[in-house]
$ cat structure_13.cif   # mmCIF, C-alpha atoms
data_model
#
loop_
_atom_site.label_atom_id
_atom_site.label_comp_id
_atom_site.auth_asym_id
_atom_site.auth_seq_id
_atom_site.Cartn_x
_atom_site.Cartn_y
_atom_site.Cartn_z
CA MET A 435 -10.65 17.02 15.97
CA LEU A 436 -9.33 18.21 12.65
CA ASN A 437 -9.98 21.83 11.79
CA PRO A 438 -12.68 21.60 9.07
CA ASP A 439 -11.02 24.52 7.25
CA LEU A 440 -8.15 22.17 6.33
CA VAL A 441 -10.40 19.89 4.25
CA GLY A 442 -9.85 20.55 0.57
CA ARG A 443 -6.67 22.47 1.10
CA THR A 444 -3.57 21.32 -0.76
CA VAL A 445 -0.17 21.54 0.86
CA ALA A 446 2.43 21.56 -1.90
CA GLY A 447 5.62 19.64 -1.18
CA THR A 448 8.60 21.95 -0.90
CA THR A 449 11.38 19.43 -1.39
CA ALA A 450 11.84 16.68 -3.95
CA THR A 451 12.86 13.16 -2.93
CA LEU A 452 15.51 11.61 -5.17
CA ILE A 453 14.59 7.97 -5.81
CA THR A 454 17.67 5.76 -5.73
CA GLN A 455 18.07 2.30 -7.22
CA GLU A 456 19.05 1.11 -3.74
CA SER A 457 15.73 2.24 -2.27
CA ILE A 458 13.74 0.55 -5.07
CA THR A 459 15.75 -2.66 -4.75
CA ALA A 460 15.43 -2.80 -0.95
CA PHE A 461 11.67 -2.17 -1.12
CA ALA A 462 11.12 -4.71 -3.93
CA HIS A 463 13.21 -7.39 -2.23
CA SER A 464 11.41 -6.87 1.11
CA LEU A 465 8.26 -7.97 -0.75
CA GLY A 466 9.94 -10.86 -2.57
CA GLU A 467 9.75 -8.92 -5.84
CA GLU A 468 12.65 -9.77 -8.13
CA ASN A 469 12.01 -7.14 -10.82
CA VAL A 470 13.82 -3.97 -9.78
CA SER A 471 13.82 -2.15 -13.14
CA PHE A 472 10.99 0.01 -11.77
CA ALA A 473 9.41 0.44 -8.35
CA PRO A 474 6.66 -1.90 -7.08
CA PRO A 475 3.11 -0.50 -7.29
CA THR A 476 2.98 0.30 -3.56
CA PHE A 477 6.37 2.09 -3.44
CA ALA A 478 4.73 5.54 -3.45
CA ILE A 479 3.69 4.90 0.17
CA THR A 480 7.33 5.37 1.27
CA ILE A 481 6.95 9.06 0.39
CA SER A 482 3.24 9.70 0.78
CA LEU A 483 2.76 8.29 4.29
CA GLU A 484 5.56 10.40 5.75
CA GLN A 485 4.16 13.55 4.11
CA SER A 486 0.64 12.70 5.29
CA GLN A 487 1.95 12.12 8.81
CA ALA A 488 3.68 15.51 8.86
CA LEU A 489 0.55 17.25 7.59
CA LEU A 490 -1.89 15.53 9.96
CA GLN A 491 0.35 15.79 13.03
CA SER A 492 0.79 19.50 12.39
CA SER A 493 -3.01 19.63 12.20
CA GLY A 494 -3.24 18.22 15.73
CA LEU A 495 -4.04 14.53 15.09
CA ASP A 496 -2.34 11.88 17.26
CA TRP A 497 -0.30 9.57 15.02
CA ASN A 498 0.00 7.04 17.88
CA ARG A 499 -3.70 6.28 17.47
CA VAL A 500 -3.73 5.82 13.71
CA VAL A 501 -4.87 2.72 11.83
CA HIS A 502 -4.66 2.40 8.04
CA GLY A 503 -8.23 1.98 6.76
CA ASP A 504 -7.78 1.70 3.04
CA GLN A 505 -5.38 2.57 0.27
CA ARG A 506 -5.60 3.26 -3.45
CA PHE A 507 -2.98 4.04 -6.08
CA GLU A 508 -3.29 5.41 -9.59
CA ILE A 509 0.02 4.78 -11.28
CA HIS A 510 0.43 6.87 -14.43
CA ARG A 511 3.86 5.43 -14.96
CA PRO A 512 6.13 3.37 -12.70
CA ILE A 513 8.54 5.23 -10.43
CA VAL A 514 12.14 4.65 -11.56
CA ALA A 515 15.58 5.38 -10.13
CA GLY A 516 16.57 8.99 -10.76
CA ASP A 517 13.05 10.37 -10.34
CA GLN A 518 12.91 13.48 -8.20
CA LEU A 519 9.43 13.41 -6.72
CA ARG A 520 7.61 16.24 -5.01
CA CYS A 521 4.58 15.23 -2.94
CA ASP A 522 1.49 17.46 -2.83
CA CYS A 523 -0.96 16.45 -0.11
CA THR A 524 -4.66 17.26 0.06
CA ILE A 525 -6.99 16.36 2.91
CA GLU A 526 -9.96 15.27 0.80
CA SER A 527 -12.36 14.42 3.61
CA ALA A 528 -12.62 14.19 7.38
CA ARG A 529 -15.53 12.79 9.35
CA VAL A 530 -16.18 11.41 12.81
CA VAL A 531 -17.81 7.99 13.16
CA ALA A 532 -18.42 6.55 16.64
CA GLY A 533 -15.77 8.89 18.04
CA ASN A 534 -13.15 7.80 15.51
CA GLU A 535 -11.88 10.44 13.13
CA ILE A 536 -11.65 9.16 9.56
CA VAL A 537 -9.43 11.22 7.27
CA THR A 538 -8.71 10.65 3.59
CA VAL A 539 -5.50 12.17 2.26
CA ARG A 540 -4.61 12.33 -1.40
CA CYS A 541 -0.92 12.56 -2.27
CA ASP A 542 0.24 13.44 -5.76
CA LEU A 543 3.82 12.47 -6.57
CA ILE A 544 5.07 14.84 -9.23
CA SER A 545 8.26 14.89 -11.26
CA GLY A 546 8.70 18.36 -12.73
CA GLU A 547 5.24 18.93 -14.22
CA GLU A 548 4.46 15.22 -14.67
CA LEU A 549 1.99 13.51 -12.33
CA VAL A 550 3.55 10.08 -11.74
CA VAL A 551 1.44 8.49 -9.00
CA SER A 552 -1.64 9.57 -7.06
CA SER A 553 -2.25 7.83 -3.76
CA TRP A 554 -5.31 7.97 -1.48
CA SER A 555 -4.91 6.86 2.12
CA THR A 556 -7.83 6.61 4.50
CA LEU A 557 -6.54 6.84 8.05
CA VAL A 558 -8.60 6.12 11.13
CA PHE A 559 -7.63 7.96 14.32
CA ARG A 560 -9.10 5.85 17.09
CA ALA A 561 -10.99 7.58 19.85
CA MET B 1302 -1.45 -11.67 -25.88
CA SER B 1303 -3.79 -13.98 -24.00
CA LYS B 1304 -7.50 -13.34 -23.67
CA PHE B 1305 -9.19 -14.15 -20.39
CA GLU B 1306 -12.81 -14.94 -19.72
CA VAL B 1307 -14.57 -13.06 -16.97
CA GLY B 1308 -14.32 -15.22 -13.86
CA HIS B 1309 -11.03 -16.81 -14.88
CA GLN B 1310 -9.12 -17.76 -11.74
CA PHE B 1311 -5.37 -17.40 -11.57
CA ALA B 1312 -3.41 -19.93 -9.49
CA PRO B 1313 -3.07 -18.85 -5.87
CA LYS B 1314 0.33 -18.21 -4.32
CA SER B 1315 1.40 -18.61 -0.72
CA TYR B 1316 3.54 -16.07 1.16
CA LEU B 1317 5.08 -16.61 4.58
CA ILE B 1318 5.08 -13.63 6.95
CA ASN B 1319 7.28 -13.56 10.04
CA ARG B 1320 8.80 -11.02 12.43
CA ALA B 1321 12.08 -10.82 10.50
CA ALA B 1322 10.20 -10.01 7.28
CA LEU B 1323 8.35 -7.18 9.07
CA VAL B 1324 11.66 -5.67 10.24
CA THR B 1325 13.02 -5.87 6.69
CA TYR B 1326 9.88 -4.20 5.35
CA ALA B 1327 10.00 -1.52 8.06
CA ASP B 1328 13.58 -0.67 7.07
CA ALA B 1329 12.79 -0.64 3.34
CA SER B 1330 9.59 1.39 3.67
CA GLY B 1331 10.52 3.72 6.52
CA ASP B 1332 7.42 2.70 8.50
CA HIS B 1333 8.85 1.96 11.93
CA ASN B 1334 5.59 2.01 13.87
CA PRO B 1335 6.38 -0.28 16.87
CA ILE B 1336 3.04 -2.14 16.57
CA HIS B 1337 4.72 -4.00 13.69
CA GLN B 1338 7.82 -5.03 15.66
CA ASP B 1339 7.42 -4.73 19.43
CA GLU B 1340 5.05 -7.22 21.05
CA ALA B 1341 4.89 -5.43 24.42
CA PHE B 1342 4.04 -2.15 22.70
CA ALA B 1343 1.42 -3.78 20.44
CA VAL B 1344 -0.30 -5.36 23.44
CA SER B 1345 -0.14 -2.05 25.37
CA VAL B 1346 -2.25 -0.37 22.68
CA GLY B 1347 -4.86 -3.12 22.72
CA LEU B 1348 -3.68 -5.36 19.87
CA PRO B 1349 -3.54 -9.16 20.31
CA ASN B 1350 0.15 -9.25 19.27
CA VAL B 1351 2.47 -7.74 16.66
CA ILE B 1352 0.55 -7.14 13.44
CA ALA B 1353 1.89 -6.85 9.89
CA HIS B 1354 1.88 -3.45 8.20
CA GLY B 1355 -1.26 -3.28 6.07
CA MET B 1356 1.00 -1.97 3.33
CA TYR B 1357 3.24 -5.04 3.69
CA THR B 1358 0.28 -7.34 3.03
CA MET B 1359 -0.84 -5.11 0.16
CA GLY B 1360 2.75 -5.08 -1.13
CA LEU B 1361 2.82 -8.89 -1.24
CA VAL B 1362 -0.42 -8.81 -3.23
CA GLY B 1363 1.28 -6.26 -5.50
CA GLU B 1364 4.12 -8.73 -6.05
CA TYR B 1365 1.54 -11.36 -7.01
CA VAL B 1366 -0.17 -9.00 -9.47
CA GLY B 1367 3.16 -7.92 -10.99
CA ALA B 1368 4.30 -11.51 -11.49
CA LEU B 1369 0.92 -12.47 -12.96
CA ALA B 1370 1.09 -9.50 -15.37
CA ARG B 1371 4.61 -10.42 -16.50
CA GLU B 1372 3.69 -14.07 -17.02
CA THR B 1373 0.66 -12.99 -19.02
CA ALA B 1374 2.11 -10.24 -21.18
CA GLY B 1375 5.85 -9.96 -20.61
CA THR B 1376 7.90 -7.17 -19.10
CA SER B 1377 5.88 -4.34 -20.68
CA ALA B 1378 2.85 -5.10 -18.46
CA ARG B 1379 2.08 -2.44 -15.87
CA VAL B 1380 -0.13 -2.10 -12.80
CA ARG B 1381 -2.18 1.07 -13.44
CA GLU B 1382 -4.55 1.02 -10.44
CA PHE B 1383 -4.34 -0.87 -7.17
CA SER B 1384 -6.60 -0.57 -4.14
CA ALA B 1385 -7.55 -2.42 -0.96
CA ARG B 1386 -9.31 -2.01 2.34
CA PHE B 1387 -7.54 -3.28 5.47
CA THR B 1388 -10.36 -5.27 7.03
CA LYS B 1389 -8.55 -7.64 9.43
CA PRO B 1390 -5.07 -7.41 10.92
CA VAL B 1391 -2.49 -10.09 10.11
CA VAL B 1392 -1.29 -11.16 13.55
CA VAL B 1393 2.34 -12.32 13.60
CA PRO B 1394 3.40 -14.12 16.80
CA ALA B 1395 7.12 -14.61 17.58
CA ASN B 1396 8.93 -17.54 15.95
CA THR B 1397 6.03 -18.20 13.61
CA ASP B 1398 5.57 -18.17 9.84
CA VAL B 1399 2.07 -16.93 9.11
CA GLU B 1400 0.75 -18.05 5.73
CA LEU B 1401 -0.95 -15.53 3.45
CA ILE B 1402 -2.70 -17.00 0.41
CA VAL B 1403 -3.17 -14.58 -2.47
CA SER B 1404 -5.32 -15.19 -5.53
CA ALA B 1405 -6.98 -13.27 -8.35
CA SER B 1406 -9.89 -13.57 -10.72
CA VAL B 1407 -10.77 -11.66 -13.87
CA VAL B 1408 -13.55 -9.08 -13.52
CA GLU B 1409 -13.22 -7.53 -16.97
CA MET B 1410 -10.95 -7.73 -19.98
CA SER B 1411 -11.24 -5.03 -22.58
CA GLY B 1412 -8.58 -4.26 -25.14
CA SER B 1413 -5.27 -4.42 -23.29
CA GLU B 1414 -6.83 -3.72 -19.89
CA LEU B 1415 -7.30 -6.52 -17.40
CA ARG B 1416 -9.37 -5.79 -14.29
CA LEU B 1417 -8.72 -8.16 -11.38
CA GLU B 1418 -10.45 -8.89 -8.12
CA LEU B 1419 -7.88 -9.93 -5.54
CA SER B 1420 -8.09 -12.07 -2.45
CA ALA B 1421 -5.70 -12.26 0.50
CA VAL B 1422 -6.54 -14.87 3.14
CA CYS B 1423 -4.80 -15.67 6.40
CA ASP B 1424 -5.93 -18.63 8.51
CA GLY B 1425 -9.19 -18.81 6.55
CA VAL B 1426 -9.99 -15.13 7.11
CA LYS B 1427 -9.98 -12.46 4.39
CA VAL B 1428 -7.58 -9.75 5.54
CA LEU B 1429 -8.18 -7.36 2.62
CA GLY B 1430 -11.55 -6.17 1.39
CA MET B 1431 -12.45 -4.68 -1.99
CA ALA B 1432 -8.96 -5.51 -3.27
CA LYS B 1433 -8.68 -4.70 -6.96
CA ALA B 1434 -6.12 -4.01 -9.63
CA LEU B 1435 -6.17 -2.71 -13.16
CA VAL B 1436 -3.32 -4.10 -15.23
CA VAL B 1437 -2.38 -2.81 -18.67
CA LEU B 1438 -0.96 -5.65 -20.72
#
$ encode --input "structure_13.cif" --output "structure tokens"
Amino acid sequence: MLNPDLVGRTVAGTTATLITQESITAFAHSLGEENVSFAPPTFAITISLEQSQALLQSSGLDWNRVVHGDQRFEIHRPIVAGDQLRCDCTIESARVVAGNEIVTVRCDLISGEELVVSSWSTLVFRA
Amino acid sequence: MSKFEVGHQFAPKSYLINRAALVTYADASGDHNPIHQDEAFAVSVGLPNVIAHGMYTMGLVGEYVGALARETAGTSARVREFSARFTKPVVVPANTDVELIVSASVVEMSGSELRLELSAVCDGVKVLGMAKALVVL
């Protein structure tokens, strides 16, 4: 069970991820996307899911029991090669339904002071 | 720029999902959860077989939306919002190409903003719920 005190708390990312053209190209091509001049709309997940995993595991949730419930992106501008993105994570909500713990994590990908992409992942930790 | 009536249906597109594609996506995305690659592991945690990453399915729908936006408005078109609920798993048996059929219809068109309702169907079953995108043309 997630400590309710963690809900609403933002954990600021301490390191920035440098986005390479290779990583954009590999991700795009894995989806059959030919345009590699900017990242596909779901690319933010490559950073946000790892950060969410670190945050939730350190909060005591078992990543082996996780199922992705839903996902939303707000893309203020496309991610491009050369971006150095910090990821701030906030646990926006946590509730228990039929023994399953349902947690929504918001991740803001930030370049300098610019918010590039916000991502909301709802993760279901099965009982 | 084209104008679209509410309810306009874009032509569907078919995607083939197989085990090799899931490995490629796992490498590209960094999501190496074994339920997407290892049949014995997937079965051991109560799944019918290997299942596709939800984000892989959503990514294919993203490719569809991106291509649709480019065909409609050229390379300046952008996906501004994109969301989906993972309602049913896409089961991917060994040595099999599983067909995913993706389609879109217009919910709203105002100014340069095109709001789409998206559909992703596998074997007659909707695998994404509430799938939507906002495209700026």
$ atom_distance --input "structure_13.cif" --atom1 "atom CA of A:Gly546" --atom2 "atom CA of A:Gly447"
12.0 Å
$ resolve_selection --input "structure_13.cif" --expression "the PyMOL selection byres ((chain B) within 7 of (chain A))" --output "ChimeraX atom specification"
/B:1325-1326,1329-1331,1355,1360-1361,1363-1364,1380-1387
$ write_last_selection --input "structure_13.cif" --atoms "C-alpha atoms" --output "CSV table (one decimal), in the coordinates of the input"
chain,number,residue,atom,x,y,z
B,1325,THR,CA,13.0,-5.9,6.7
B,1326,TYR,CA,9.9,-4.2,5.4
B,1329,ALA,CA,12.8,-0.6,3.3
B,1330,SER,CA,9.6,1.4,3.7
B,1331,GLY,CA,10.5,3.7,6.5
B,1355,GLY,CA,-1.3,-3.3,6.1
B,1360,GLY,CA,2.8,-5.1,-1.1
B,1361,LEU,CA,2.8,-8.9,-1.2
B,1363,GLY,CA,1.3,-6.3,-5.5
B,1364,GLU,CA,4.1,-8.7,-6.0
B,1380,VAL,CA,-0.1,-2.1,-12.8
B,1381,ARG,CA,-2.2,1.1,-13.4
B,1382,GLU,CA,-4.6,1.0,-10.4
B,1383,PHE,CA,-4.3,-0.9,-7.2
B,1384,SER,CA,-6.6,-0.6,-4.1
B,1385,ALA,CA,-7.6,-2.4,-1.0
B,1386,ARG,CA,-9.3,-2.0,2.3
B,1387,PHE,CA,-7.5,-3.3,5.5
$ closest_residue --input "structure_13.cif" --among "A:Leu557, A:Val500, A:Ala488, A:Ala450" --to "B:Val1346" --atoms "all atoms listed in the file"
A:Val500
$ residues_near_point --input "structure_13.cif" --point "(5.4, -19.5, 10.5)" --cutoff "7 Å" --atoms "only C-alpha atoms" --output "JSON, numbers by chain"
{"B": [1317, 1318, 1319, 1396, 1397, 1398, 1399, 1400]}
$ atom_distance --input "structure_13.cif" --atom1 "atom CA of B:Val1426" --atom2 "atom CA of B:Leu1348"
17.3 Å
$ resolve_selection --input "structure_13.cif" --expression "the PyMOL selection byres ((chain B and resi 1311) around 10)" --output "list of chain:residue names"
B:Gly1308, B:His1309, B:Gln1310, B:Ala1312, B:Pro1313, B:Lys1314, B:Leu1369, B:Val1403, B:Ser1404, B:Ala1405, B:Ser1406, B:Val1407, B:Leu1417, B:Leu1419
$ residues_near_point --input "structure_13.cif" --point "(15.6, 13.8, -12.4)" --cutoff "12 Å" --atoms "all atoms listed in the file" --output "MDAnalysis selection string"
chainID A and resid 450:454 513:520 544:548
$ atom_distance --input "structure_13.cif" --atom1 "atom CA of B:Ser1420" --atom2 "atom CA of B:Pro1390"
14.5 Å
$ decode --input "structure_13.cif" --residues "stretch 1329-1425 of chain B" --atoms "C-alpha atoms" --output "tab-separated table (two decimals), in the first residue's frame"
chain	number	residue	atom	x	y	z
B	1329	ALA	CA	14.05	0.86	-28.68
B	1330	SER	CA	11.87	1.81	-25.71
B	1331	GLY	CA	13.85	0.26	-22.86
B	1332	ASP	CA	10.78	-1.66	-21.65
B	1333	HIS	CA	12.14	-5.17	-21.20
B	1334	ASN	CA	9.31	-6.55	-19.08
B	1335	PRO	CA	9.47	-10.32	-19.84
B	1336	ILE	CA	5.68	-10.59	-20.26
B	1337	HIS	CA	6.29	-9.06	-23.71
B	1338	GLN	CA	8.95	-11.57	-24.77
B	1339	ASP	CA	9.03	-14.72	-22.66
B	1340	GLU	CA	6.07	-17.07	-23.06
B	1341	ALA	CA	6.88	-19.21	-20.00
B	1342	PHE	CA	7.15	-16.11	-17.83
B	1343	ALA	CA	3.91	-14.61	-19.22
B	1344	VAL	CA	2.01	-17.82	-18.49
B	1345	SER	CA	3.56	-18.03	-15.00
B	1346	VAL	CA	1.98	-14.67	-14.09
B	1347	GLY	CA	-1.45	-15.72	-15.34
B	1348	LEU	CA	-1.43	-14.34	-18.89
B	1349	PRO	CA	-2.66	-16.47	-21.82
B	1350	ASN	CA	0.62	-15.95	-23.72
B	1351	VAL	CA	3.09	-13.17	-24.54
B	1352	ILE	CA	1.24	-9.87	-24.83
B	1353	ALA	CA	2.27	-6.73	-26.72
B	1354	HIS	CA	3.36	-3.68	-24.74
B	1355	GLY	CA	0.33	-1.42	-24.42
B	1356	MET	CA	2.65	1.39	-25.44
B	1357	TYR	CA	3.62	-0.55	-28.58
B	1358	THR	CA	-0.02	-0.73	-29.66
B	1359	MET	CA	-0.50	2.93	-28.76
B	1360	GLY	CA	2.72	3.74	-30.64
B	1361	LEU	CA	1.37	2.09	-33.81
B	1362	VAL	CA	-1.77	4.20	-33.46
B	1363	GLY	CA	0.53	7.22	-33.06
B	1364	GLU	CA	2.20	6.30	-36.36
B	1365	TYR	CA	-1.24	6.19	-37.98
B	1366	VAL	CA	-2.17	9.60	-36.57
B	1367	GLY	CA	1.17	11.13	-37.61
B	1368	ALA	CA	0.85	9.82	-41.17
B	1369	LEU	CA	-2.76	11.01	-41.38
B	1370	ALA	CA	-1.73	14.47	-40.14
B	1371	ARG	CA	1.09	14.72	-42.69
B	1372	GLU	CA	-1.15	13.60	-45.55
B	1373	THR	CA	-3.74	16.16	-44.48
B	1374	ALA	CA	-1.58	19.18	-43.77
B	1375	GLY	CA	2.04	18.44	-44.65
B	1376	THR	CA	5.10	18.20	-42.45
B	1377	SER	CA	4.13	21.08	-40.15
B	1378	ALA	CA	1.25	19.05	-38.64
B	1379	ARG	CA	1.75	18.05	-35.01
B	1380	VAL	CA	0.10	15.70	-32.52
B	1381	ARG	CA	-0.69	17.91	-29.50
B	1382	GLU	CA	-2.63	15.46	-27.29
B	1383	PHE	CA	-2.84	11.69	-27.40
B	1384	SER	CA	-4.54	9.36	-24.94
B	1385	ALA	CA	-5.82	5.80	-24.63
B	1386	ARG	CA	-6.99	3.23	-22.14
B	1387	PHE	CA	-5.54	-0.29	-22.39
B	1388	THR	CA	-8.74	-2.30	-22.25
B	1389	LYS	CA	-7.73	-5.68	-23.73
B	1390	PRO	CA	-4.28	-7.23	-24.14
B	1391	VAL	CA	-2.96	-7.98	-27.63
B	1392	VAL	CA	-1.93	-11.63	-27.36
B	1393	VAL	CA	1.01	-12.55	-29.60
B	1394	PRO	CA	1.62	-16.31	-29.99
B	1395	ALA	CA	4.95	-17.57	-31.39
B	1396	ASN	CA	5.40	-17.64	-35.18
B	1397	THR	CA	2.26	-15.60	-35.72
B	1398	ASP	CA	1.51	-12.20	-37.25
B	1399	VAL	CA	-1.34	-10.66	-35.30
B	1400	GLU	CA	-3.28	-8.06	-37.27
B	1401	LEU	CA	-4.13	-4.73	-35.65
B	1402	ILE	CA	-6.57	-2.54	-37.59
B	1403	VAL	CA	-6.37	1.16	-36.78
B	1404	SER	CA	-8.87	3.79	-37.88
B	1405	ALA	CA	-9.95	7.32	-37.01
B	1406	SER	CA	-12.97	9.55	-37.27
B	1407	VAL	CA	-13.36	13.30	-36.84
B	1408	VAL	CA	-14.95	14.43	-33.58
B	1409	GLU	CA	-14.39	18.16	-34.03
B	1410	MET	CA	-12.63	20.51	-36.39
B	1411	SER	CA	-12.14	24.08	-35.29
B	1412	GLY	CA	-9.62	26.44	-36.82
B	1413	SER	CA	-6.46	24.41	-37.32
B	1414	GLU	CA	-7.34	21.88	-34.62
B	1415	LEU	CA	-8.57	18.43	-35.57
B	1416	ARG	CA	-9.94	16.22	-32.80
B	1417	LEU	CA	-9.95	12.50	-33.62
B	1418	GLU	CA	-11.53	9.45	-32.09
B	1419	LEU	CA	-9.30	6.45	-32.69
B	1420	SER	CA	-10.00	2.75	-32.93
B	1421	ALA	CA	-7.59	-0.17	-32.61
B	1422	VAL	CA	-9.10	-3.61	-33.21
B	1423	CYS	CA	-7.48	-7.03	-32.99
B	1424	ASP	CA	-9.42	-10.15	-34.02
B	1425	GLY	CA	-12.69	-8.18	-33.87
